[in-house]
Amino acid sequence: MHMSFSILNKTKGLSEKLFRLLPYILALLLWAALSIYGQYYLKKVEDLSLFLFDSLYLKEAAQTPGGLLGAMGSFLTQFLYYPWLGALIWTIVLLSVYQLTIKAFDIPKRLMSLAVIPATLLVIANMSLGYGVYIMREPDHFFAPSLGYLAALIPLFTFRHVRSLWGRILFLTIWTAAGYPVLGMFAFLGTVSASLTALTQPGSLRKERFTLFASGIILVLVIPLIEYSFYTSYRIADSWIMGLPVISEDAWTRVMRAPYQLALLFIPVMATVSRRLKADWKSTLLQASVLTVSVLSVWIFWFKDDNFHIELAMSESVDRMEWQKVVDIYDKAVKSHSKSDERAYKARSKSLKDVTNRDEIADITERYRSRFFEPTRTMIIYRDMALLKLNRALEQSFTMKDGGRPQKSRCLIPMAYQSGKQIYLHYGLINLCYRWCQEDLIEHDWSYGTLKYMAMHSIIMGESEFAYKYLNKLRKTIFYRRWAKEQTPYSLDSSLMAANEPYKSILPFMCFEDRM
């Protein structure tokens, strides 16, 4: 009997160690997947963001509640310039989410895997976007929600060290009033969660618990109305969502907002139920279920469309003007699908055998279409443009697989919005390039990519003052200041462009008529 208890205890100990170690193993796998498979997606996220080491930039960020949280998110987003580095930082942030969730809610050791849930939802929120990354109206969306989540846990730690009722009410008042301008609604999330924790706290008087809960709710309702008078750039009805990633309000984007909402809902829910959690014989099964569902959820919702990732890889190479690499990416994609295309062709031929009805033939052909590799129009344009730059367009353009597969997106993202500024600039239609930079600026705010293409447009047009303006902004960044320094001589002496890329390959196209 003693031996059986000893074996049982050892088994429990091993399972606890395993469940304690698994989140770190999963974090390592996530970092590897982001660095290898998601590298071009991370680079696009960085390209659509902006952080400037500039006092004016920070003043503008402070003009809306939660703006400084966004600035902190943008600061970390810039490190996605090197995807492996940015992915490492984000993985560390997610591990912090996991660890602080355990400590904030005092989750028992045998139930620690519950703390994986918010980190999983934050991963899904970022990696399920796909083409939606082009319509995110906040360039800080990748890091800011994770940082906001961490900040919302602060009141839960503080409540353990403040025992008196009036001391707690005073802390919540200061936290809400001072936190709202910096964190936006994440400050409210912390206030409400702390109030719920107090409401369920055993050993205190019911009257005190209700008073503290009511105080938290009143603060959340009143503080935004008081502080609204200090701001002028948003509607009062939006006061309670400031700081959240802004996505198009169309109905089809509700699915994109859901992971953020669920991750934020986790805090008040855990604040309510955490004291009732008990570790018993069911704990192992519960932890295994949570980890399994988390891994499967990330796998299922991760946007894995091949064409999307190929487009991102080609776009990155176009930005770097690595024209041979653009063609190689396309060729590699065709080659990697050759065996699956062959299998699909054989299966389709078998289905078409002895079929003579035209409508039935058309139906079978359409049914098998999705099983064949077919590039998008964006991929085709990138490829043809690269061949033109390599002086191989006449030889190879019409010998390569063509196509026009629609985006696998809930809503069609216009090609011009997706890749217009690149294509128009390199084809010499620089006014159209500038037009789509302006569209990007209006919809998405300033970004590294927009500033680069607006600067090149101004240099080609001889508008030295505008070129100085855009290059000066890029000089206030970490990873683009060298590029801005390299472009400065062209803005001062236009004759240098004829002998240097990218201008020497763009200028010949400008002998044709350009139009706005």
# chains A, B, ... in the order shown; residues from 1 in each chain; ligands from 1

$ select_by_dssp --residues "range 476-505 of chain A" --states "helix (DSSP H, G or I)" --output "MDAnalysis selection string"
chainID A and resid 481:492 494:499 503:505

$ closest_residue --among "A:Ile413, A:Val182, A:Leu390, A:Ala104" --to "Ser274 in chain A" --atoms "only C-alpha atoms"
A:Ala104

$ atom_distance --atom1 "CA of Ala214 in chain A" --atom2 "CA of Ile267 in chain A"
18.2 Å

$ closest_atom_pairs --of "range 346-388 of chain A" --to "range 312-322 of chain A" --cutoff "9 Å" --atoms "only C-alpha atoms" --output "tab-separated table"
residue	atom	partner	partner_atom	distance
A:Met379	CA	A:Met314	CA	7.4
A:Tyr382	CA	A:Met314	CA	6.9
A:Arg383	CA	A:Met314	CA	8.3
A:Ala386	CA	A:Val318	CA	8.0

$ write_last_selection --atoms "N, CA, C and O atoms" --output "compact mmCIF listing (two decimals), in the first residue's frame"
# COMPACT_ATOMS: atom_id res chain seq x y z
N MET A 379 0.73 38.52 -57.34
CA MET A 379 1.94 37.74 -57.57
C MET A 379 2.38 37.85 -59.02
O MET A 379 3.59 37.96 -59.30
N TYR A 382 3.93 41.34 -59.62
CA TYR A 382 5.27 41.39 -59.02
C TYR A 382 6.27 40.63 -59.90
O TYR A 382 7.38 41.11 -60.17
N ARG A 383 5.88 39.43 -60.35
CA ARG A 383 6.78 38.61 -61.17
C ARG A 383 7.11 39.30 -62.48
O ARG A 383 8.29 39.40 -62.87
N ALA A 386 9.43 42.22 -62.00
CA ALA A 386 10.80 41.78 -61.75
C ALA A 386 11.49 41.34 -63.04
O ALA A 386 12.66 41.67 -63.28

$ residues_around --residues "Phe308 in chain A" --least-positions-apart "6" --cutoff "8 Å" --atoms "only C-alpha atoms" --output "PDB file with C-alpha atoms, in the first residue's frame"
ATOM      1  CA  GLY A 130      -4.352  37.586 -42.825  1.00  0.00           C
ATOM      2  CA  TYR A 131      -5.319  40.269 -45.336  1.00  0.00           C
ATOM      3  CA  GLN A 407      -7.841  36.401 -52.042  1.00  0.00           C
TER       4      GLN A 407
END

$ residues_around --residues "range 34-49 of chain A" --least-positions-apart "2" --cutoff "8 Å" --atoms "only C-alpha atoms" --output "list in words"
Leu30, Trp31, Ala32, Phe51, Ser74, Thr77, Gln78, Phe79, Leu80, Tyr81, Tyr82, Pro83, Trp84, Gly86, Ala87, Val133, Pro139, Asp140, Phe142, His309, Leu312, Ala313, Glu316, His444, Trp446, Ser447, Tyr448, Gly449 and Thr450 of chain A

$ write_last_selection --atoms "N, CA and C atoms" --output "CSV table (one decimal), in the first residue's frame"
chain,number,residue,atom,x,y,z
A,30,LEU,N,6.5,28.5,-30.7
A,30,LEU,CA,5.9,29.7,-31.3
A,30,LEU,C,6.9,30.6,-31.9
A,31,TRP,N,8.0,30.9,-31.1
A,31,TRP,CA,9.1,31.7,-31.6
A,31,TRP,C,9.7,31.2,-32.9
A,32,ALA,N,9.9,29.9,-33.0
A,32,ALA,CA,10.4,29.3,-34.2
A,32,ALA,C,9.5,29.4,-35.4
A,51,PHE,N,7.4,54.3,-35.3
A,51,PHE,CA,7.8,54.9,-34.0
A,51,PHE,C,9.0,55.9,-34.3
A,74,SER,N,4.2,50.5,-30.5
A,74,SER,CA,4.9,50.8,-31.7
A,74,SER,C,6.4,50.7,-31.5
A,77,THR,N,7.2,47.2,-31.8
A,77,THR,CA,6.9,46.7,-33.2
A,77,THR,C,8.0,47.0,-34.1
A,78,GLN,N,8.8,48.1,-33.9
A,78,GLN,CA,9.9,48.4,-34.8
A,78,GLN,C,10.9,47.3,-34.9
A,79,PHE,N,11.0,46.5,-33.8
A,79,PHE,CA,12.0,45.4,-33.8
A,79,PHE,C,11.6,44.2,-34.6
A,80,LEU,N,10.4,44.2,-35.2
A,80,LEU,CA,10.0,43.2,-36.2
A,80,LEU,C,10.8,43.4,-37.5
A,81,TYR,N,11.5,44.5,-37.6
A,81,TYR,CA,12.4,44.7,-38.8
A,81,TYR,C,13.3,43.5,-39.0
A,82,TYR,N,13.8,43.0,-37.8
A,82,TYR,CA,14.4,41.7,-37.8
A,82,TYR,C,13.4,40.7,-37.2
A,83,PRO,N,12.7,39.9,-38.0
A,83,PRO,CA,11.6,39.1,-37.5
A,83,PRO,C,11.9,38.2,-36.3
A,84,TRP,N,13.1,37.6,-36.4
A,84,TRP,CA,13.5,36.7,-35.3
A,84,TRP,C,13.6,37.5,-33.9
A,86,GLY,N,12.0,40.6,-33.2
A,86,GLY,CA,10.7,41.0,-32.8
A,86,GLY,C,9.9,39.8,-32.3
A,87,ALA,N,10.0,38.6,-32.9
A,87,ALA,CA,9.3,37.5,-32.4
A,87,ALA,C,9.7,37.0,-31.1
A,133,VAL,N,-4.6,42.6,-42.0
A,133,VAL,CA,-3.5,43.5,-41.5
A,133,VAL,C,-3.5,44.8,-42.3
A,139,PRO,N,-1.4,51.2,-36.0
A,139,PRO,CA,-0.1,50.6,-36.3
A,139,PRO,C,0.5,49.9,-35.1
A,140,ASP,N,-0.1,50.0,-33.9
A,140,ASP,CA,0.5,49.4,-32.7
A,140,ASP,C,-0.2,48.1,-32.3
A,142,PHE,N,0.0,45.1,-32.8
A,142,PHE,CA,0.6,43.8,-32.6
A,142,PHE,C,1.1,43.6,-31.1
A,309,HIS,N,1.2,34.4,-48.1
A,309,HIS,CA,2.6,34.5,-47.6
A,309,HIS,C,3.6,34.6,-48.7
A,312,LEU,N,3.6,38.3,-49.5
A,312,LEU,CA,4.3,39.1,-48.6
A,312,LEU,C,5.9,38.9,-48.8
A,313,ALA,N,6.3,37.7,-49.2
A,313,ALA,CA,7.7,37.5,-49.5
A,313,ALA,C,8.1,38.3,-50.7
A,316,GLU,N,8.3,42.1,-49.9
A,316,GLU,CA,9.5,42.4,-49.2
A,316,GLU,C,10.7,42.5,-50.1
A,444,HIS,N,-4.5,54.4,-42.5
A,444,HIS,CA,-3.6,53.6,-41.6
A,444,HIS,C,-2.7,54.5,-40.8
A,446,TRP,N,0.7,57.3,-40.5
A,446,TRP,CA,2.0,57.3,-41.0
A,446,TRP,C,2.6,55.9,-40.8
A,447,SER,N,3.5,55.5,-41.7
A,447,SER,CA,4.2,54.2,-41.5
A,447,SER,C,5.5,54.3,-42.2
A,448,TYR,N,6.4,53.4,-41.9
A,448,TYR,CA,7.7,53.4,-42.5
A,448,TYR,C,7.6,53.3,-44.0
A,449,GLY,N,6.8,52.3,-44.5
A,449,GLY,CA,6.7,52.1,-46.0
A,449,GLY,C,6.1,53.3,-46.7
A,450,THR,N,5.1,54.0,-46.1
A,450,THR,CA,4.6,55.2,-46.7
A,450,THR,C,5.6,56.3,-46.8

$ atom_distance --atom1 "CA of Met185 in chain A" --atom2 "CA of Trp240 in chain A"
5.7 Å

$ atom_distance --atom1 "CA of Tyr434 in chain A" --atom2 "CA of Arg475 in chain A"
20.5 Å

$ residues_around --residues "range 505-511 of chain A" --least-positions-apart "2" --cutoff "12 Å" --atoms "only C-alpha atoms" --output "number ranges by chain"
A: 321, 323, 385-386, 388-391, 422-431, 456-457, 459-461, 494-503, 513-515

$ residues_around --residues "Lys401 in chain A" --least-positions-apart "3" --cutoff "10 Å" --atoms "only C-alpha atoms" --output "PyMOL selection string"
chain A and resi 330-331+334+373-375+380+397-398

$ closest_residue --among "A:Leu111, A:Leu85, A:Cys411, A:Ala393" --to "Leu129 in chain A" --atoms "only C-alpha atoms"
A:Cys411

$ residues_around --residues "Tyr345 in chain A" --least-positions-apart "5" --cutoff "9 Å" --atoms "only C-alpha atoms" --output "list in words"
Ser340, Lys350, Tyr368, Arg371 and Phe372 of chain A

$ closest_residue --among "A:Gly132, A:Pro65, A:Pro268, A:Gly73" --to "Lys408 in chain A" --atoms "only C-alpha atoms"
A:Gly132

$ closest_residue --among "A:Val116, A:Leu156, A:Val123, A:Leu291" --to "Ala187 in chain A" --atoms "only C-alpha atoms"
A:Leu156

$ closest_residue --among "A:Gln396, A:Thr356, A:Thr488, A:Thr176" --to "Ile154 in chain A" --atoms "only C-alpha atoms"
A:Thr176
